[in-house]
Structures are given as C-alpha cells and as structure tokens.
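**Q** Take a look at work05.tsv, TSV, C-alpha atoms:
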chain	number	residue	atom	x	y	z
A	1	MET	CA	103.42	102.30	93.07
A	2	ASN	CA	103.49	99.19	90.90
A	3	SER	CA	101.30	96.18	91.57
A	4	LEU	CA	102.86	92.86	92.59
A	5	LYS	CA	102.45	89.89	90.22
A	6	ILE	CA	102.90	86.33	91.41
A	7	GLY	CA	102.13	84.12	88.44
A	8	ASN	CA	98.43	84.61	87.72
A	9	LEU	CA	97.85	86.51	90.96
A	10	THR	CA	98.09	90.30	91.17
A	11	ALA	CA	98.20	92.30	94.38
A	12	ARG	CA	97.25	95.90	93.65
A	13	VAL	CA	99.51	97.02	96.50
A	14	PRO	CA	103.00	95.41	96.79
A	15	ILE	CA	102.62	94.88	100.52
A	16	ILE	CA	102.54	91.47	102.20
A	17	GLN	CA	101.39	91.36	105.80
A	18	GLY	CA	103.86	89.13	107.62
A	19	GLY	CA	102.58	86.01	109.35
A	20	MET	CA	102.61	86.38	113.13
A	21	GLY	CA	101.90	83.61	115.61
A	22	VAL	CA	100.57	82.64	118.00
A	23	GLY	CA	97.21	84.13	116.99
A	24	ILE	CA	98.41	87.61	116.07
A	25	SER	CA	97.58	87.29	112.37
A	26	LEU	CA	94.49	85.19	111.80
A	27	ASN	CA	91.58	85.65	109.40
A	28	GLY	CA	90.64	89.08	110.76
A	29	LEU	CA	93.91	90.81	109.94
A	30	ALA	CA	94.64	88.76	106.82
A	31	SER	CA	91.27	89.51	105.20
A	32	ALA	CA	91.50	93.22	106.07
A	33	VAL	CA	94.89	93.54	104.36
A	34	ALA	CA	93.66	91.56	101.35
A	35	ASN	CA	90.64	93.85	101.06
A	36	GLU	CA	92.98	96.85	100.79
A	37	GLY	CA	94.83	95.28	97.86
A	38	GLY	CA	97.74	93.75	99.76
A	39	ILE	CA	98.42	90.11	100.62
A	40	GLY	CA	97.04	88.98	103.96
A	41	VAL	CA	98.73	86.12	105.79
A	42	ILE	CA	97.39	83.71	108.43
A	43	SER	CA	99.96	82.23	110.80
A	44	CYS	CA	99.33	78.56	111.55
A	45	ALA	CA	101.68	78.48	114.56
A	46	GLY	CA	99.80	77.48	117.69
A	47	LEU	CA	96.38	77.05	116.08
A	48	GLY	CA	95.95	73.84	118.05
A	49	LEU	CA	95.89	75.87	121.26
A	50	ILE	CA	93.46	78.45	119.92
A	51	TYR	CA	91.16	75.71	118.58
A	52	ARG	CA	91.84	73.15	121.32
A	53	ASN	CA	88.13	72.54	121.95
A	54	THR	CA	87.48	71.43	118.35
A	55	ALA	CA	89.41	68.14	118.37
A	56	LYS	CA	90.69	65.32	120.57
A	57	ASP	CA	94.33	66.37	120.45
A	58	TYR	CA	96.60	69.31	119.61
A	59	MET	CA	97.66	68.14	116.15
A	60	GLU	CA	94.10	67.52	114.98
A	61	ALA	CA	93.04	70.88	116.41
A	62	CYS	CA	95.77	72.56	114.32
A	63	ILE	CA	94.23	71.12	111.14
A	64	CYS	CA	90.69	72.08	112.19
A	65	GLY	CA	91.87	75.56	113.11
A	66	LEU	CA	93.69	76.17	109.85
A	67	LYS	CA	90.71	75.01	107.80
A	68	GLU	CA	88.46	77.36	109.76
A	69	GLU	CA	90.81	80.35	109.45
A	70	ILE	CA	91.24	79.96	105.69
A	71	ARG	CA	87.50	79.55	105.18
A	72	LYS	CA	86.66	82.58	107.33
A	73	ALA	CA	89.21	84.71	105.49
A	74	LYS	CA	87.82	83.65	102.11
A	75	GLU	CA	84.31	84.60	103.27
A	76	LYS	CA	85.51	88.09	104.14
A	77	THR	CA	87.60	88.88	101.07
A	78	SER	CA	88.09	88.10	97.41
A	79	GLY	CA	91.68	89.31	97.74
A	80	ILE	CA	94.87	87.29	98.17
A	81	VAL	CA	95.26	85.30	101.39
A	82	GLY	CA	98.31	83.22	102.27
A	83	VAL	CA	99.44	81.01	105.13
A	84	ASN	CA	102.76	81.23	106.99
A	85	ILE	CA	104.12	77.81	107.99
A	86	MET	CA	107.33	77.39	110.00
A	87	MET	CA	109.61	74.54	108.99
A	88	ALA	CA	110.31	74.04	112.70
A	89	LEU	CA	106.74	72.83	113.31
A	90	THR	CA	106.42	69.08	113.88
A	91	ASN	CA	103.19	69.16	111.85
A	92	PHE	CA	104.68	71.15	108.96
A	93	ALA	CA	103.51	68.55	106.41
A	94	ASP	CA	99.93	68.54	107.72
A	95	MET	CA	99.78	72.34	107.63
A	96	VAL	CA	101.06	72.41	104.03
A	97	LYS	CA	98.63	69.71	102.89
A	98	THR	CA	95.72	71.48	104.59
A	99	SER	CA	96.63	74.85	103.04
A	100	ILE	CA	96.76	73.31	99.56
A	101	ALA	CA	93.50	71.38	100.06
A	102	GLU	CA	91.74	74.56	101.27
A	103	LYS	CA	93.18	76.45	98.28
A	104	ALA	CA	95.12	79.08	100.20
A	105	ASP	CA	96.55	81.44	97.59
A	106	ILE	CA	100.13	81.26	98.88
A	107	ILE	CA	102.23	79.27	101.34
A	108	PHE	CA	105.09	81.21	102.95
A	109	ALA	CA	107.57	78.73	104.45
A	110	GLY	CA	110.37	79.85	106.74
A	111	ALA	CA	112.26	79.08	109.98
A	112	GLY	CA	114.36	76.57	108.05
A	113	LEU	CA	114.96	75.67	104.40
A	114	PRO	CA	111.81	74.19	102.80
A	115	LEU	CA	113.76	72.06	100.33
A	116	ASP	CA	110.93	69.57	99.72
A	117	LEU	CA	107.94	71.93	99.74
A	118	PRO	CA	106.89	71.25	96.10
A	119	LYS	CA	106.43	67.54	96.81
A	120	TYR	CA	103.14	68.34	98.55
A	121	ARG	CA	101.58	69.80	95.41
A	122	THR	CA	98.53	67.94	94.13
A	123	PRO	CA	97.39	67.72	90.47
A	124	ASP	CA	94.82	70.48	91.04
A	125	CYS	CA	97.06	72.62	93.26
A	126	THR	CA	96.62	76.37	92.77
A	127	THR	CA	98.63	77.44	95.83
A	128	LYS	CA	101.81	79.42	95.17
A	129	LEU	CA	104.93	78.31	97.04
A	130	VAL	CA	107.14	80.99	98.57
A	131	PRO	CA	110.25	80.28	100.67
A	132	ILE	CA	111.51	82.78	103.23
A	133	VAL	CA	115.32	83.03	103.16
A	134	SER	CA	118.05	85.07	104.82
A	135	SER	CA	120.81	84.79	102.20
A	136	ALA	CA	121.48	84.57	98.47
A	137	ARG	CA	123.05	81.17	99.09
A	138	ALA	CA	119.80	79.84	100.54
A	139	ALA	CA	117.81	81.27	97.62
A	140	LYS	CA	120.11	79.55	95.10
A	141	LEU	CA	120.02	76.25	97.00
A	142	ILE	CA	116.21	76.22	97.06
A	143	CYS	CA	115.92	77.12	93.37
A	144	ASP	CA	118.43	74.41	92.43
A	145	LYS	CA	116.78	71.72	94.56
A	146	TRP	CA	113.22	72.53	93.57
A	147	LYS	CA	114.07	72.60	89.86
A	148	SER	CA	116.13	69.41	89.86
A	149	LEU	CA	113.84	67.36	92.11
A	150	TYR	CA	110.38	68.70	91.22
A	151	ASP	CA	110.82	70.75	88.02
A	152	TYR	CA	109.40	73.70	89.96
A	153	LEU	CA	110.74	77.11	90.91
A	154	PRO	CA	109.57	79.41	93.73
A	155	ASP	CA	106.67	81.64	92.72
A	156	MET	CA	108.24	84.39	94.81
A	157	ILE	CA	111.03	84.65	97.40
A	158	VAL	CA	110.88	86.62	100.65
A	159	VAL	CA	114.21	87.81	102.01
A	160	GLU	CA	113.98	88.44	105.75
A	161	GLY	CA	116.74	90.60	107.18
A	162	PRO	CA	118.05	90.81	110.76
A	163	LYS	CA	115.73	93.66	111.83
A	164	ALA	CA	112.66	91.40	111.74
A	165	GLY	CA	110.57	90.47	114.76
A	166	GLY	CA	110.31	86.93	116.05
A	167	HIS	CA	112.81	84.27	115.07
A	168	LEU	CA	115.81	85.39	113.04
A	169	GLY	CA	117.79	83.32	110.55
A	170	PHE	CA	121.06	84.84	111.69
A	171	LYS	CA	123.72	84.17	114.30
A	172	SER	CA	123.86	86.65	117.15
A	173	ASP	CA	127.02	88.31	115.84
A	174	GLN	CA	125.45	88.83	112.40
A	175	ILE	CA	122.37	90.74	113.56
A	176	HIS	CA	124.13	94.12	113.70
A	177	ASP	CA	126.74	93.39	111.02
A	178	PRO	CA	126.16	95.61	107.94
A	179	ASN	CA	127.31	92.74	105.72
A	180	PHE	CA	124.07	90.96	106.62
A	181	SER	CA	121.76	93.97	106.43
A	182	LEU	CA	118.62	93.80	104.31
A	183	GLU	CA	120.07	96.54	102.09
A	184	THR	CA	123.02	94.25	101.36
A	185	LEU	CA	121.01	91.03	101.04
A	186	ILE	CA	118.37	92.21	98.55
A	187	PRO	CA	120.72	92.99	95.61
A	188	GLU	CA	122.58	89.72	96.26
A	189	VAL	CA	119.38	87.65	96.15
A	190	VAL	CA	118.00	89.56	93.15
A	191	LYS	CA	121.24	88.83	91.25
A	192	GLU	CA	121.11	85.12	92.13
A	193	VAL	CA	117.42	84.78	91.25
A	194	ALA	CA	117.93	86.60	87.92
A	195	VAL	CA	120.04	83.65	86.72
A	196	PHE	CA	117.05	81.31	87.10
A	197	GLU	CA	114.61	83.84	85.65
A	198	GLU	CA	116.71	84.21	82.51
A	199	LYS	CA	117.50	80.50	82.15
A	200	TYR	CA	113.90	79.30	82.51
A	201	GLY	CA	111.96	82.33	81.25
A	202	VAL	CA	110.05	82.96	84.47
A	203	GLU	CA	109.52	85.83	86.88
A	204	ILE	CA	110.39	85.28	90.55
A	205	PRO	CA	109.66	88.48	92.49
A	206	VAL	CA	112.00	89.13	95.41
A	207	ILE	CA	110.33	90.61	98.48
A	208	ALA	CA	112.11	92.52	101.26
A	209	ALA	CA	111.20	91.89	104.90
A	210	GLY	CA	112.46	92.84	108.33
A	211	GLY	CA	112.35	96.27	109.96
A	212	ILE	CA	110.36	97.94	107.17
A	213	TYR	CA	107.94	100.32	108.83
A	214	THR	CA	107.34	103.42	106.70
A	215	GLY	CA	106.63	104.30	103.09
A	216	GLU	CA	110.13	105.76	102.91
A	217	ASP	CA	111.53	102.39	104.04
A	218	MET	CA	109.50	100.74	101.29
A	219	TYR	CA	110.76	103.08	98.60
A	220	ASN	CA	114.40	102.79	99.66
A	221	ILE	CA	114.48	98.98	99.75
A	222	MET	CA	112.54	98.65	96.49
A	223	GLN	CA	115.23	100.81	94.86
A	224	LYS	CA	117.59	97.94	95.71
A	225	GLY	CA	115.61	95.57	93.49
A	226	ALA	CA	112.79	94.28	95.69
A	227	LYS	CA	109.42	94.05	93.92
A	228	GLY	CA	107.50	94.49	97.17
A	229	VAL	CA	107.78	94.37	100.95
A	230	GLN	CA	106.61	92.19	103.79
A	231	ILE	CA	105.56	94.15	106.86
A	232	ALA	CA	104.48	92.60	110.16
A	233	SER	CA	104.94	94.84	113.23
A	234	ARG	CA	103.17	97.80	111.64
A	235	PHE	CA	99.99	95.72	111.33
A	236	VAL	CA	99.96	94.68	114.99
A	237	THR	CA	98.73	98.14	115.98
A	238	THR	CA	95.61	97.95	113.84
A	239	HIS	CA	92.03	97.46	114.97
A	240	GLU	CA	91.75	94.40	112.76
A	241	CYS	CA	94.79	92.61	114.23
A	242	ASP	CA	93.59	89.42	115.93
A	243	ALA	CA	95.60	89.94	119.14
A	244	ASP	CA	94.24	91.23	122.45
A	245	GLU	CA	94.24	95.00	122.96
A	246	LYS	CA	96.88	94.67	125.70
A	247	PHE	CA	99.23	93.03	123.20
A	248	LYS	CA	98.73	95.90	120.75
A	249	MET	CA	99.23	98.50	123.47
A	250	SER	CA	102.56	96.93	124.46
A	251	TYR	CA	103.80	98.19	121.07
A	252	VAL	CA	102.27	101.65	121.48
A	253	LYS	CA	103.78	102.06	124.96
A	254	ALA	CA	107.24	100.73	123.98
A	255	ASP	CA	110.29	102.88	123.33
A	256	VAL	CA	113.48	102.07	121.45
A	257	ASN	CA	115.13	100.59	124.56
A	258	ASP	CA	112.32	98.07	125.01
A	259	VAL	CA	113.22	96.12	121.87
A	260	GLU	CA	115.72	93.35	122.67
A	261	ILE	CA	117.29	90.21	121.24
A	262	ILE	CA	116.42	87.03	123.12
A	263	GLN	CA	117.46	83.39	122.76
A	264	SER	CA	114.39	81.36	121.89
A	265	PRO	CA	113.80	77.74	122.99
A	266	VAL	CA	113.56	77.04	119.24
A	267	GLY	CA	117.33	77.47	119.15
A	268	MET	CA	117.37	80.75	117.23
A	269	PRO	CA	117.82	84.35	118.33
A	270	GLY	CA	114.62	86.38	118.27
A	271	ARG	CA	113.52	89.98	118.71
A	272	ALA	CA	110.90	90.85	121.33
A	273	LEU	CA	109.72	93.56	123.69
A	274	LYS	CA	111.21	93.54	127.19
A	275	ASN	CA	108.80	92.71	129.97
A	276	ASN	CA	108.58	91.07	133.40
A	277	PHE	CA	108.11	87.60	131.95
A	278	LEU	CA	111.37	87.80	130.01
A	279	GLU	CA	113.08	89.03	133.18
A	280	LYS	CA	111.80	85.91	134.98
A	281	VAL	CA	113.18	83.82	132.09
A	282	LYS	CA	116.62	85.37	132.64
A	283	GLN	CA	116.38	84.51	136.32
A	284	GLY	CA	115.51	80.88	135.54
A	285	LEU	CA	112.03	81.09	137.07
A	286	THR	CA	109.99	79.77	134.14
A	287	LYS	CA	111.12	76.14	133.71
A	288	PRO	CA	108.43	73.98	132.01
A	289	LYS	CA	107.41	70.77	133.81
A	290	SER	CA	106.36	68.89	130.69
A	291	CYS	CA	105.79	69.20	126.93
A	292	PRO	CA	102.06	68.67	126.30
A	293	TYR	CA	102.07	69.68	122.61
A	294	GLN	CA	105.33	68.50	120.96
A	295	CYS	CA	104.80	71.38	118.54
A	296	LEU	CA	108.41	72.15	117.57
A	297	ARG	CA	111.10	69.85	116.21
A	298	THR	CA	113.92	71.86	117.72
A	299	CYS	CA	112.57	72.29	121.26
A	300	ASP	CA	113.51	70.03	124.20
A	301	TYR	CA	111.45	70.99	127.24
A	302	GLN	CA	114.07	69.51	129.60
A	303	LYS	CA	116.57	72.06	128.31
A	304	SER	CA	114.17	74.92	127.51
A	305	PRO	CA	113.77	77.86	129.90
A	306	TYR	CA	110.02	78.04	129.13
A	307	CYS	CA	107.34	76.68	126.80
A	308	ILE	CA	107.32	79.13	123.90
A	309	ILE	CA	103.92	78.21	122.51
A	310	VAL	CA	102.23	78.74	125.89
A	311	ALA	CA	104.10	82.04	126.40
A	312	LEU	CA	103.06	83.35	122.98
A	313	TYR	CA	99.47	82.14	123.43
A	314	ASN	CA	99.29	83.95	126.78
A	315	ALA	CA	100.54	87.15	125.13
A	316	TYR	CA	98.00	86.84	122.31
A	317	LYS	CA	95.26	86.65	124.95
A	318	GLY	CA	96.64	89.73	126.72
A	319	ASN	CA	98.28	87.87	129.62
A	320	LEU	CA	101.70	89.50	129.30
A	321	ASP	CA	102.65	88.54	132.86
A	322	ASN	CA	103.03	85.01	131.55
A	323	GLY	CA	104.13	85.72	127.98
A	324	TYR	CA	105.76	88.28	125.72
A	325	ALA	CA	105.40	90.03	122.38
A	326	PHE	CA	107.72	89.37	119.48
A	327	ALA	CA	108.38	92.63	117.61
A	328	GLY	CA	110.46	94.06	114.78
A	329	SER	CA	113.25	96.58	115.37
A	330	ASN	CA	110.95	99.54	114.63
A	331	ALA	CA	107.85	98.33	116.48
A	332	TYR	CA	108.30	101.08	119.09
A	333	LEU	CA	107.42	103.70	116.44
A	334	ALA	CA	103.69	102.93	116.71
A	335	PRO	CA	101.96	106.09	118.04
A	336	LYS	CA	98.45	104.64	118.28
A	337	ILE	CA	96.11	101.91	117.08
A	338	SER	CA	94.63	102.65	113.66
A	339	SER	CA	92.82	100.77	110.90
A	340	VAL	CA	94.41	98.61	108.22
A	341	LYS	CA	93.06	101.03	105.61
A	342	GLU	CA	94.73	104.00	107.33
A	343	THR	CA	97.98	102.06	107.69
A	344	ILE	CA	98.18	101.05	104.03
A	345	ASN	CA	97.12	104.51	102.83
A	346	ASP	CA	99.88	106.05	104.95
A	347	LEU	CA	102.46	103.60	103.59
A	348	MET	CA	101.41	104.30	100.01
A	349	SER	CA	101.29	108.09	100.35
A	350	ARG	CA	104.71	108.23	102.03
A	351	PHE	CA	106.11	105.89	99.38
A	352	GLU	CA	104.91	108.27	96.66
A	353	LYS	CA	106.30	111.26	98.55
A	354	ALA	CA	109.71	109.59	98.85
A	355	LYS	CA	109.62	108.72	95.15
A	356	THR	CA	108.73	112.30	94.17
A	357	GLU	CA	111.50	113.74	96.33
A	358	ALA	CA	114.04	111.30	94.89
A	359	LEU	CA	113.07	112.20	91.32
A	360	ALA	CA	113.29	115.90	92.15
A	361	LYS	CA	116.85	115.41	93.41
A	362	ILE	CA	117.80	113.62	90.20
A	363	LYS	CA	116.46	116.50	88.07
A	364	LYS	CA	118.56	118.96	90.00
For the structure just supplied, provide its representation as structure tokens.
**A**
Amino acid sequence: MNSLKIGNLTARVPIIQGGMGVGISLNGLASAVANEGGIGVISCAGLGLIYRNTAKDYMEACICGLKEEIRKAKEKTSGIVGVNIMMALTNFADMVKTSIAEKADIIFAGAGLPLDLPKYRTPDCTTKLVPIVSSARAAKLICDKWKSLYDYLPDMIVVEGPKAGGHLGFKSDQIHDPNFSLETLIPEVVKEVAVFEEKYGVEIPVIAAGGIYTGEDMYNIMQKGAKGVQIASRFVTTHECDADEKFKMSYVKADVNDVEIIQSPVGMPGRALKNNFLEKVKQGLTKPKSCPYQCLRTCDYQKSPYCIIVALYNAYKGNLDNGYAFAGSNAYLAPKISSVKETINDLMSRFEKAKTEALAKIKK
C-alpha cells in the first residue's frame, strides 16, 4: 500500500479518518489514527456545547474548544491531525482562523463550496486546505476560483459519494442513482483535477469517501484513481472514539434495515440509524422552542422539526432517547468494538489480500 503525500506531509497509511460531529471525533480518535500512520480529524461542529463552561457564550466556547482539542491531539501524536469545518457553520471563519493559528495540519471544508477558503491563510500558514466535493464540476469550480483569486490550488480534494453518513451533497433522487455513485465520481474528478496538475506542475491527490468500510472497498476505489480513502463509520466502533459507549453500540446492534435517509434541519438529506427519537421527529413531537446557539446558517428553528446540534450532542453523550446517530451506509457491518490499531491493520491486510487476488487473476 502506497503512502499518501500532501505537499510536504506524508501519511504512511492512505487512510483519513472522517470528521464526525458532534463530539464523535475529537482529539482521542484523531490522535489514535495519526499514531497508526493515517490522518486523524477533529470535528469542530458543536464544540461550543461540549466546552460551554469555558466561555461566556457559545461562539467563544467553540474557539476555546477547538484550541484545546488541537493542542491535546498534538500532545498525543507527532502524526498528521486535521480539522473538519462545515461551511454551514455560522462561525466558519472563526474555526478556520483558529485552526490555522493553532497550526492544524489540514483543514477539511465541506457542507457547501469553500470558494474563499484560501483568503484566511496567514504569511506563516502551514495548514493544508482540502475541500470536500460531490462532483467533478464542484472540483473544477474550486480549482478555478482559488487559482484566479488567490493563486492557490487545493492541497488535496476529498470526493464524498452518496453512501456517506451524515449530511449528503446530493438530492434525494440522486442518492441511489448509479450516475452519482462514488465509483462514477472518482474517475470524473481525477480527470478534471489532472488538467490543473499538468498545467501548474502540482500534485493534487483525490481521496474517495462515503460507504468505504473494508480493505476490499479501499482497493477497488483506489483502482479508479483515488490516492487514498476517507473512512468515518468504521472508526466509530473503536475504543478510542470520543463518543459514549451507547453511541458506539448503536452501530454494533444495527442491521441493514436500520440505516435510513432523513431530511436534516440543515436543508440536506442525511443518513442515520433509525431510533425512537427519529420516529418522534416524523410524528412532529420534537419542535424546538427557541434557537439558543445560532450555530447553522441554513437552519430556521421556527421551521425546523428539532434542534440538530442538541440532538447530536445528546447522542454523543449516550442519550439516544433525545438524539440519534449519523452513520454511513455500511455502518451496520460493525461486529464489535475494537482498537484503532486493529481496525487499520485489518483494513491494510484486506487491501493487500484484494490486491494479491487481483494480480493473480491478471496473470491467469
């Protein structure tokens, strides 16, 4: 298995742990993945709730929380640690500035097109900038805009397909359409990005994300041109994951029929595990009375069926009666809770097995 190079950074293992909020991937999980040679990712979504006792208001607590999480991760690992920042956050700019100031290795920006992300770079900035896209068109648009406005190109691009957990960058009728599958998207994005690589003499690795669960999945999608993979759900069922044990066990106990598409208050479809809370949502029993955090640009509490940040925070704390777990399409495959080391070793060994078997078929 080849290493993954992002400019002057090298991940020994081409595996990025996907950012999961609220609180699912913090410094514990991120540092553990980084220590195994992958790229660990802290999610900054909802940090103001987790760190609400550190500041006078939610927005300030988000900044304090992100600083603390990056610092803790850096104390635990000398590996690569990134931060996932959703464009939909009202404090997107503050989270980007804080990540750069604290010298996070990478910023992963998704849930919208981060067309102005390079403008936050400082003269001493060492942080790599990585957009998360769901089409070749979006990848081209970002490359064009960044180059023309900031003379900067993405250090890497993550392509998230419709089998991902959490919020999806697809319309409901596209989620099961093979024309929008990750297997279709990756070659399209690789082809588009290659134009910029050749024109400007740079390397922009394309990473595949969404529904990748096994080493065989890794091998198959990397044969389509991806230089690495982003995996989220698989890392939920690890000892080092920052979520409550009840959250992790909801994955272990789930079967294929428990994974469903929901309509999020953010205004996007999402993938989650069925539970009683989501049933109450469908029955209209979870209407929020106010919006104490103003955390999302696209959320109007007067029209929303529930407060998403509170629901996700409750789930992170193990209170699944008042929250729910986002999950990828293959999250139900988790047989037990294991360590990050065991998880990455299994992914790598199965990748090598798939590669060996494929080469054997070619020789025949």
**Q** From the list A:Val340, A:Ala360, A:Ile231, A:Ile6, which residue is nearest Glu36 of chain A when using only C-alpha atoms?
**A** A:Val340
**Q** Show me the residues close to (105.3, 68.6, 96.2) - anything with an atom within 10 Å, counting all atoms listed in the file - and format the list as a count of residues only.
**A** 16
**Q** Find the distance between atom CA of Leu296 of chain A and atom CA of Ala88 of chain A and write it in Å to one decimal.
**A** 5.6 Å
**Q** Rank A:Asp57, A:Gly201, A:Lys364, A:Cys44 by their smallest atom-to-atom distance to Ile107 of chain A, using all atoms listed in the file, and report the top residue only.
**A** A:Cys44
**Q** List the spatial neighbours of Leu29 of chain A as a PyMOL selection string - criterion: any atom at most 10 Å away, all atoms listed in the file, same-chain residues fewer than 6 positions off excluded.
**A** chain A and resi 17+19+35+40-42+73+235-236+238-243+340
**Q** With C-alpha atoms retained, export the selected residues as a tab-separated table (two decimals), keeping the file's coordinate frame.
**A**
chain	number	residue	atom	x	y	z
A	17	GLN	CA	101.39	91.36	105.80
A	19	GLY	CA	102.58	86.01	109.35
A	35	ASN	CA	90.64	93.85	101.06
A	40	GLY	CA	97.04	88.98	103.96
A	41	VAL	CA	98.73	86.12	105.79
A	42	ILE	CA	97.39	83.71	108.43
A	73	ALA	CA	89.21	84.71	105.49
A	235	PHE	CA	99.99	95.72	111.33
A	236	VAL	CA	99.96	94.68	114.99
A	238	THR	CA	95.61	97.95	113.84
A	239	HIS	CA	92.03	97.46	114.97
A	240	GLU	CA	91.75	94.40	112.76
A	241	CYS	CA	94.79	92.61	114.23
A	242	ASP	CA	93.59	89.42	115.93
A	243	ALA	CA	95.60	89.94	119.14
A	340	VAL	CA	94.41	98.61	108.22
**Q** Please list, as a PDB file with C-alpha atoms, keeping the file's coordinate frame, the residues that have an atom at most 12 Å away from (88.0, 76.5, 112.6) in the coordinates of this file, counting all atoms listed in the file.
**A**
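That gives us out-v5.pdb:
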ATOM      1  CA  LEU A  26      94.490  85.190 111.800  1.00  0.00           C
ATOM      2  CA  ASN A  27      91.580  85.650 109.400  1.00  0.00           C
ATOM      3  CA  CYS A  44      99.330  78.560 111.550  1.00  0.00           C
ATOM      4  CA  LEU A  47      96.380  77.050 116.080  1.00  0.00           C
ATOM      5  CA  GLY A  48      95.950  73.840 118.050  1.00  0.00           C
ATOM      6  CA  LEU A  49      95.890  75.870 121.260  1.00  0.00           C
ATOM      7  CA  ILE A  50      93.460  78.450 119.920  1.00  0.00           C
ATOM      8  CA  TYR A  51      91.160  75.710 118.580  1.00  0.00           C
ATOM      9  CA  ARG A  52      91.840  73.150 121.320  1.00  0.00           C
ATOM     10  CA  ASN A  53      88.130  72.540 121.950  1.00  0.00           C
ATOM     11  CA  THR A  54      87.480  71.430 118.350  1.00  0.00           C
ATOM     12  CA  ALA A  55      89.410  68.140 118.370  1.00  0.00           C
ATOM     13  CA  GLU A  60      94.100  67.520 114.980  1.00  0.00           C
ATOM     14  CA  ALA A  61      93.040  70.880 116.410  1.00  0.00           C
ATOM     15  CA  CYS A  62      95.770  72.560 114.320  1.00  0.00           C
ATOM     16  CA  ILE A  63      94.230  71.120 111.140  1.00  0.00           C
ATOM     17  CA  CYS A  64      90.690  72.080 112.190  1.00  0.00           C
ATOM     18  CA  GLY A  65      91.870  75.560 113.110  1.00  0.00           C
ATOM     19  CA  LEU A  66      93.690  76.170 109.850  1.00  0.00           C
ATOM     20  CA  LYS A  67      90.710  75.010 107.800  1.00  0.00           C
ATOM     21  CA  GLU A  68      88.460  77.360 109.760  1.00  0.00           C
ATOM     22  CA  GLU A  69      90.810  80.350 109.450  1.00  0.00           C
ATOM     23  CA  ILE A  70      91.240  79.960 105.690  1.00  0.00           C
ATOM     24  CA  ARG A  71      87.500  79.550 105.180  1.00  0.00           C
ATOM     25  CA  LYS A  72      86.660  82.580 107.330  1.00  0.00           C
ATOM     26  CA  ALA A  73      89.210  84.710 105.490  1.00  0.00           C
TER      27      ALA A  73
END
**Q** Would you compute the distance between atom CA of Ile262 of chain A and atom CA of Ile142 of chain A? Give it in Å to one decimal.
**A**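 Taking atom CA of Ile262 of chain A as the start and atom CA of Ile142 of chain A as the end point, the length is 28.2 Å.
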**Q** Measuring between all atoms listed in the file, which one of A:Gln294, A:Thr356, A:Asn322, A:Ser250 shows the shortest distance to Tyr219 of chain A?
**A**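 Looking at the shortest contact to Tyr219 of chain A, the residue is A:Thr356.
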**Q** Of the candidates A:Val133, A:Val193, A:Met1, A:Ala164, which one gets nearest to Ala354 of chain A if we count only C-alpha atoms?
**A**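 Ranked by minimum distance to Ala354 of chain A, first place goes to A:Met1.
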**Q** What's around Asp321 of chain A at 9 Å? Count only C-alpha atoms, leave out sequence neighbours fewer than 4 positions away in its own chain, and write the answer as a list in words.
**A** Asn275, Asn276, Phe277, Asn314 and Ala315 of chain A
**Q** At what distance in Å, to one decimal, does atom CA of Ile16 of chain A lie from atom CA of Ser3 of chain A?
**A** 11.7 Å
**Q** Using all atoms listed in the file, find the one residue out of A:Ala32, A:Ala272, A:Ala93, A:Leu153 that sits nearest to Lys199 of chain A.
**A**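 For Lys199 of chain A, the nearest of the candidates is A:Leu153.
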**Q** List the neighbours of Lys353 of chain A out to 10 Å using all atoms listed in the file; skip same-chain residues closer than 6 positions along the sequence, and give me the result as JSON, numbers by chain.
**A** {"A": [215, 216, 219, 347, 359]}
**Q** Let me make sure I understand: among A:Met20, A:Met87, A:Ile100, A:Ile175, which one has the smallest atom-to-atom distance to Leu312 of chain A if we use all atoms listed in the file?
**A**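 The answer is A:Met20, which sits nearest to Leu312 of chain A.
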**Q** Can you tell me, as a ChimeraX atom specification, what residues are no more than 8 Å from Val259 of chain A when counting only C-alpha atoms, ignoring any on the same chain fewer than 4 positions away?
**A** /A:254-255,271-274,327-329,331-332
**Q** Neighbouring residues of Ile221 of chain A were defined as those with any atom within 12 Å, considering only C-alpha atoms; residues of the same chain fewer than 2 positions away were excluded. Please report them as a count of residues only.
**A** 34
**Q** Box for segment 35-48 of chain A - axis-aligned, 5 Å on each of the six sides, all listed atoms - centre and size in Å to one decimal, as JSON.
**A**
{"center_x": 96.2, "center_y": 85.3, "center_z": 108.0, "size_x": 21.0, "size_y": 33.0, "size_z": 30.2}
